[in-house]
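Everything on this sheet refers to the single structure shown next.
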Number of protein chains: 2
Amino acid sequence: MTVTLADVAARAQVSPATVSRVLNGNYPVAASTRERVLRAVDDLDYVLNGPASSLAAATSDLVGILVNDIADPFFGIMAAAIQSEIGGPGGRAGGERLGVVCNTGGSPERELTYLTLLQRQRAAAVVLTGGAVEDAPHAAAVAAKLRKLGDAGTQVVLCGRPPAPDAPEAIALTFDNRGGGQQLTEHLIGLGHRRLGYIAGPEERTTTRHRLEGHRAALAAHDIEDDPRRTVHGRYDRRAGYEATLELLRRDPSLTAVVAANDTVALGACAALREAGLRIPDDVSVAGFDDLPFSIDAVPALTTVRLPLSEAGARAGRIAMGREEPPPGGIATVRGELMVRGSTGVPRV
Amino acid sequence: MTVTLADVAARAQVSPATVSRVLNGNYPVAASTRERVLRAVDDLDYVLNGPASSLAAATSDLVGILVNDIADPFFGIMAAAIQSEIGGPGGRAGGERLGVVCNTGGSPERELTYLTLLQRQRAAAVVLTGGAVEDAPHAAAVAAKLRKLGDAGTQVVLCGRPPAPDAPEAIALTFDNRGGGQQLTEHLIGLGHRRLGYIAGPEERTTTRHRLEGHRAALAAHDIEDDPRRTVHGRYDRRAGYEATLELLRRDPSLTAVVAANDTVALGACAALREAGLRIPDDVSVAGFDDLPFSIDAVPALTTVRLPLSEAGARAGRIAMGREEPPPGGIATVRGELMVRGSTGVPRV
DNA sequence: AACGTGACAGCAAGCGCTTTCTACACAAGA
DNA sequence: TCTTGTGTAGAAAGCGCTTGCTGTCACGTT
């Protein structure tokens with residue numbers, strides 16, 4: 001059978017209560033006793049029963065991290081940063097929490113199910129990363145869940161996601177996608193581009209909408225007509241970028257620049273342009289978003305907006321663990337930085 | 001206060017036992033009763049207390065997925081595939097499990113700590129992905145943990161990791177890294193290359209060793225001297241590839257090909273070569289490993305060995321859930337496929 | 001010499017479920 | 001009419017831990 005607290009207690013000749021206190025270190029225990037207990041734990045190879053412990057203490061050491069797509073480095077990088085701060089294994093001793101990342105695949109139902117599962121586990125904290133789906137009923141359902149989690153004592157942090165007004169206790173670290181999108185397009189306009197294609201992400205997503213809004217704001221600021229035929233929606237993957245570019249080219253072969261929803265999409269766009277015999281940036285400029293590690297290795301290197309994914313994730317993790325003050329008002333905006341590289345240049349004449 | 005089973009029972013005018021049975025669906029309950037209970041659950045917005053449930057039932061619905069680096073798509077892709085099969089949210093109903101991925105960062109201690117944490121949570125299954133550290137004491141410690149987990153009823157699956165002889169109950173889906181490495185180098189030798197640089201991964205890792213062994217086997221098979229100065233070790237990241245390439249070039253400027261530990265490293269190698277004014281593949285051929293999504297977008301597209309990460313992950317997930325027969329002997333080898341693309345060509349004369 | 005006063009350790013009451021065993025009602029066979 | 005099933009529901013005993021409260025010493029205090 002598995003070893004229990006009582007077994008350890010018997011071997012150390014103390015009461016179970018004492019063993020518990022030694023293990024939790026939250027109550028004075030004489031050094032000699034502690035040592036005896038620790039030795040017994042070691043001898044018996046005892047491992048605490050998590051569920052029992054959580055039940056009795058009414059808390060758990062689980063911290064949930066929700067991501068839209070774990071195979072996408074955008075989320076991977078944030079998740080790694082968050083998890084590293086969860087203190088988890090390797091972190092400072094004591095608060096040994098289990099930081100777990102859950103992959104929603106961008107599906108609202110899975111997001112909700114995961115939240116319920118975490119609620120069921122009485123998670124200590126939950127971090128939601130990335131853009132939210134903008135479907136109203138779903139947004140309301142998520143907000144309700146977050147509120148309930150908050151009420152149950154779970155710290156909720158949004159990282160790279162807009163604040164949820166209906167769930168005020170959720171701390172939000174929001175990326176300035178609108179500003180980033182605007183900077184990027186301003187840059188291209190500044191180079192002289194006037195006919196810009198835009199490959200947007202999936203519809204009904206905050207990230208998609210904000211980046212697109214930034215793009216349009218830049219166009220408007222320079223009195224460039226926003227032809228709806230120059231915008232195509234697609235998923236956040238290379239394939240979508242490839243196909244969208246083909247479509248944009250079909251609609252208007254005179255395009256001089258393509259702005260993509262993110263770097264991965266931009267890579268697909270580059271591939272399509274290259275196959276179409278167009279040079280980058282001589283014939284068509286390309287810009288991405290996020291500045292993922294591979295972006296600098298694209299040929300030519302991708303002009304993009306760097307988002308401090310690691311820093312934001314780390315901060316979100318610390319806030320979730322209560323190791324850092326939340327920003328005033330519970331909301332902070334994280335800005336991106338325009339990285340001008342080889343994939344953008346002056347338009348062909 | 002939070003709602004408990006008893007509250008639901010009271011509202012539905014049944015005993016707690018009945019509510020539990022309705023929720024678990026593992027015992028006959030009259031349809032009318034069931035409906036009454038379900039309505040009460042809904043009315044009260046009841047969420048099962050996971051720890052209590054796990055304690056009483058002596059099982060948990062947690063499935064752990066250990067990865068070396070969650071920010072690396074190599075692991076992200078596998079993790080996504082595994083998690084999708086965990087049934088987790090979105091999967092077929094009933095077996096609603098919480099598939100959680102844990103990032104060890106390649107650190108042996110963190111790996112061990114996570115395993116303990118999972119053991120503490122009485123995880124239903126654990127999947128370890130990617131290469132293992134070859135340090136003997138650590139390997140023994142891990143094997144011991146896996147054995148203990150197995151004894152406690154946790155299904156252990158290794159995905160992309162060599163079998164652990166000391167933990168026979170662990171099912172292993174192993175990548176044929178040696179064979180892949182050999183194929184790759186054979187391909188280059190076939191093109192006429194004789195002076196090949198090799199950028200290996202971190203030392204003391206099974207993946208590193210096996211790929212390198214394959215490379216050496218190919219060299220040996222063609223009577224090409226294996227000059228140790230042509231091999232450099234580094235981390236599995238772009239930076240390492242960049243620096244290692246510079247080093248290789250310094251040691252022998254007459255190199256005609258560089259074989260990298262994986263695609264990410266290969267990208268770094270490409271960057272270094274390009275900066276050194278060398279054309280790919282005209283001056284130097286480059287090959288990667290894994291065939292991550294971005295590899296096809298490199299310029300030129302990367303020659304590499306495709307590993308069926310998604311398929312292997314999915315299979316590992318199913319095995320972990322007991323939905324697929326383990327391979328005979330508990331060990332299966334997953335082969336890679338050589339993808340010849342533009343980054344390799346005949347050596348310059 | 002009587003009496004706080006710390007510093008530790010133990011008792012025992014749960015935490016909220018699951019599950020075995022028992023109880024009951026009704027239908028059917030003897 | 002009396003047993004034997006059959007289908008449901010309840011009572012209650014834990015699961016292994018945490019923690020409030022209650023001792024029990026060994027000391028300084030007055």
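By convention in this document, the chains of the structure tokens carry letters A, B, ... by their order, each chain's residues are numbered from 1, and ligands are numbered from 1 in the order they are shown.
The part of chain A that reaches within 12 Å of chain D is made up of Thr2, Val3, Thr4, Leu5, Ala6, Asp7, Pro16, Ala17, Thr18, Val19, Ser20, Arg21, Leu23, Asn24, Asn26, Tyr27, Val47, Leu48, Asn49, Gly50, Pro51, Ala52, Ser53, Ser54, Leu55, Ala56, Ala57, Ala58 and Thr59 of chain A, counting only C-alpha atoms (C1' of nucleotides).
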Next, the residues of the selection above should be written as a CSV table (one decimal), in the first residue's frame with C-alpha atoms.
chain,number,residue,atom,x,y,z
A,2,THR,CA,0.9,3.6,-0.3
A,3,VAL,CA,2.5,5.3,2.6
A,4,THR,CA,0.4,7.8,4.5
A,5,LEU,CA,1.1,10.5,7.0
A,6,ALA,CA,0.2,8.2,9.8
A,7,ASP,CA,2.9,5.7,8.7
A,16,PRO,CA,0.3,12.9,12.4
A,17,ALA,CA,-0.3,16.5,13.2
A,18,THR,CA,3.4,17.1,13.8
A,19,VAL,CA,4.4,15.5,10.6
A,20,SER,CA,2.0,17.7,8.8
A,21,ARG,CA,3.4,20.7,10.4
A,23,LEU,CA,6.0,19.3,6.0
A,24,ASN,CA,4.2,22.6,5.8
A,26,ASN,CA,4.0,26.7,9.2
A,27,TYR,CA,4.2,25.9,12.8
A,47,VAL,CA,4.8,11.5,-1.0
A,48,LEU,CA,2.1,13.8,0.3
A,49,ASN,CA,-1.4,13.0,-1.0
A,50,GLY,CA,-2.3,16.1,-2.9
A,51,PRO,CA,-6.0,15.7,-3.1
A,52,ALA,CA,-6.3,15.0,0.6
A,53,SER,CA,-4.1,17.9,1.4
A,54,SER,CA,-6.0,20.3,-0.9
A,55,LEU,CA,-9.3,19.1,0.6
A,56,ALA,CA,-8.3,19.6,4.1
A,57,ALA,CA,-6.6,22.9,3.5
A,58,ALA,CA,-9.2,24.1,1.0
A,59,THR,CA,-6.5,25.3,-1.3
Please find the residues of chain A near chain B - the criterion being any atom within 7 Å, counting only C-alpha atoms - and write them as an NGL selection string.
:A and (47-52 or 54-55 or 70-73 or 76-77 or 80 or 89-90 or 98-103 or 110 or 113-114 or 117 or 120-121 or 267 or 271 or 297-299)
Show me, as JSON lines, the residues of segment 257-342 of chain B having an atom within 7 Å of segment 176-189 of chain B, each with the closest atom pair and its distance in Å, using only C-alpha atoms.
{"residue": "B:Val305", "atom": "CA", "partner": "B:Gly180", "partner_atom": "CA", "distance": 6.2}
{"residue": "B:Thr333", "atom": "CA", "partner": "B:Asp176", "partner_atom": "CA", "distance": 6.1}
{"residue": "B:Val334", "atom": "CA", "partner": "B:Asp176", "partner_atom": "CA", "distance": 5.8}
{"residue": "B:Arg335", "atom": "CA", "partner": "B:Asp176", "partner_atom": "CA", "distance": 5.0}
{"residue": "B:Gly336", "atom": "CA", "partner": "B:Gly180", "partner_atom": "CA", "distance": 5.8}
{"residue": "B:Leu338", "atom": "CA", "partner": "B:Leu184", "partner_atom": "CA", "distance": 6.7}
Enumerate, in order of chain and increasing residue number, the residues of chain C with an atom no farther than 10 Å from chain A, each with its shortest atom pair and distance in Å to one decimal, counting only C-alpha atoms (C1' of nucleotides), as a Markdown table.
| residue | atom | partner | partner_atom | distance |
| --- | --- | --- | --- | --- |
| C:DA7 | C1' | A:Pro28 | CA | 8.1 |
| C:DC8 | C1' | A:Val29 | CA | 6.5 |
| C:DA9 | C1' | A:Thr18 | CA | 7.0 |
| C:DG10 | C1' | A:Ser15 | CA | 6.2 |
| C:DC11 | C1' | A:Ala17 | CA | 9.3 |
| C:DG14 | C1' | A:Ala56 | CA | 8.3 |
| C:DC15 | C1' | A:Ala56 | CA | 4.6 |
| C:DG16 | C1' | A:Leu55 | CA | 7.6 |
| C:DC17 | C1' | A:Leu55 | CA | 9.7 |
Please report, as a PyMOL selection string, each residue of segment 112-315 of chain A to which DSSP assigns strand (DSSP E) when run on this structure's backbone.
chain A and resi 125-129+155-159+171-175+196-200+231-233+257-260+285-287+304-306
Take the selection from the previous step and output its residues with C-alpha atoms, as a PDB file, in the first residue's frame.
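What follows is the written file result-v4.pdb:
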ATOM      1  CA  ALA A 125      -4.475  31.113  -9.904  1.00  0.00           C
ATOM      2  CA  VAL A 126      -5.361  31.177 -13.566  1.00  0.00           C
ATOM      3  CA  VAL A 127      -3.615  33.076 -16.333  1.00  0.00           C
ATOM      4  CA  LEU A 128      -5.376  33.521 -19.645  1.00  0.00           C
ATOM      5  CA  THR A 129      -3.144  34.442 -22.533  1.00  0.00           C
ATOM      6  CA  GLN A 155      -6.216  34.963  -8.675  1.00  0.00           C
ATOM      7  CA  VAL A 156      -7.088  35.656 -12.294  1.00  0.00           C
ATOM      8  CA  VAL A 157      -4.623  37.351 -14.625  1.00  0.00           C
ATOM      9  CA  LEU A 158      -5.057  38.168 -18.289  1.00  0.00           C
ATOM     10  CA  CYS A 159      -1.841  38.323 -20.263  1.00  0.00           C
ATOM     11  CA  ILE A 171      -5.811  41.786 -13.546  1.00  0.00           C
ATOM     12  CA  ALA A 172      -5.112  42.582 -17.188  1.00  0.00           C
ATOM     13  CA  LEU A 173      -1.774  42.992 -18.942  1.00  0.00           C
ATOM     14  CA  THR A 174      -2.890  44.055 -22.380  1.00  0.00           C
ATOM     15  CA  PHE A 175      -0.801  44.275 -25.518  1.00  0.00           C
ATOM     16  CA  LEU A 196      -1.336  47.879 -48.943  1.00  0.00           C
ATOM     17  CA  GLY A 197      -2.828  44.448 -48.584  1.00  0.00           C
ATOM     18  CA  TYR A 198      -3.745  43.334 -45.074  1.00  0.00           C
ATOM     19  CA  ILE A 199      -3.947  39.744 -43.967  1.00  0.00           C
ATOM     20  CA  ALA A 200      -5.996  39.757 -40.806  1.00  0.00           C
ATOM     21  CA  THR A 231      -8.221  42.923 -46.429  1.00  0.00           C
ATOM     22  CA  VAL A 232      -8.444  39.153 -46.164  1.00  0.00           C
ATOM     23  CA  HIS A 233      -9.094  37.140 -43.013  1.00  0.00           C
ATOM     24  CA  ALA A 257       3.050  45.916 -49.523  1.00  0.00           C
ATOM     25  CA  VAL A 258       1.478  43.165 -47.478  1.00  0.00           C
ATOM     26  CA  VAL A 259       0.908  43.536 -43.761  1.00  0.00           C
ATOM     27  CA  ALA A 260       0.310  40.252 -41.996  1.00  0.00           C
ATOM     28  CA  SER A 285       7.239  44.791 -48.882  1.00  0.00           C
ATOM     29  CA  VAL A 286       6.118  42.441 -46.144  1.00  0.00           C
ATOM     30  CA  ALA A 287       5.583  43.111 -42.457  1.00  0.00           C
ATOM     31  CA  THR A 304       7.681  43.491 -37.443  1.00  0.00           C
ATOM     32  CA  VAL A 305       6.467  44.751 -34.085  1.00  0.00           C
ATOM     33  CA  ARG A 306       8.235  43.213 -31.137  1.00  0.00           C
TER      34      ARG A 306
END
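Interatomic distance, atom CA of Gly330 of chain B against atom CA of Glu169 of chain B: 7.7 Å.
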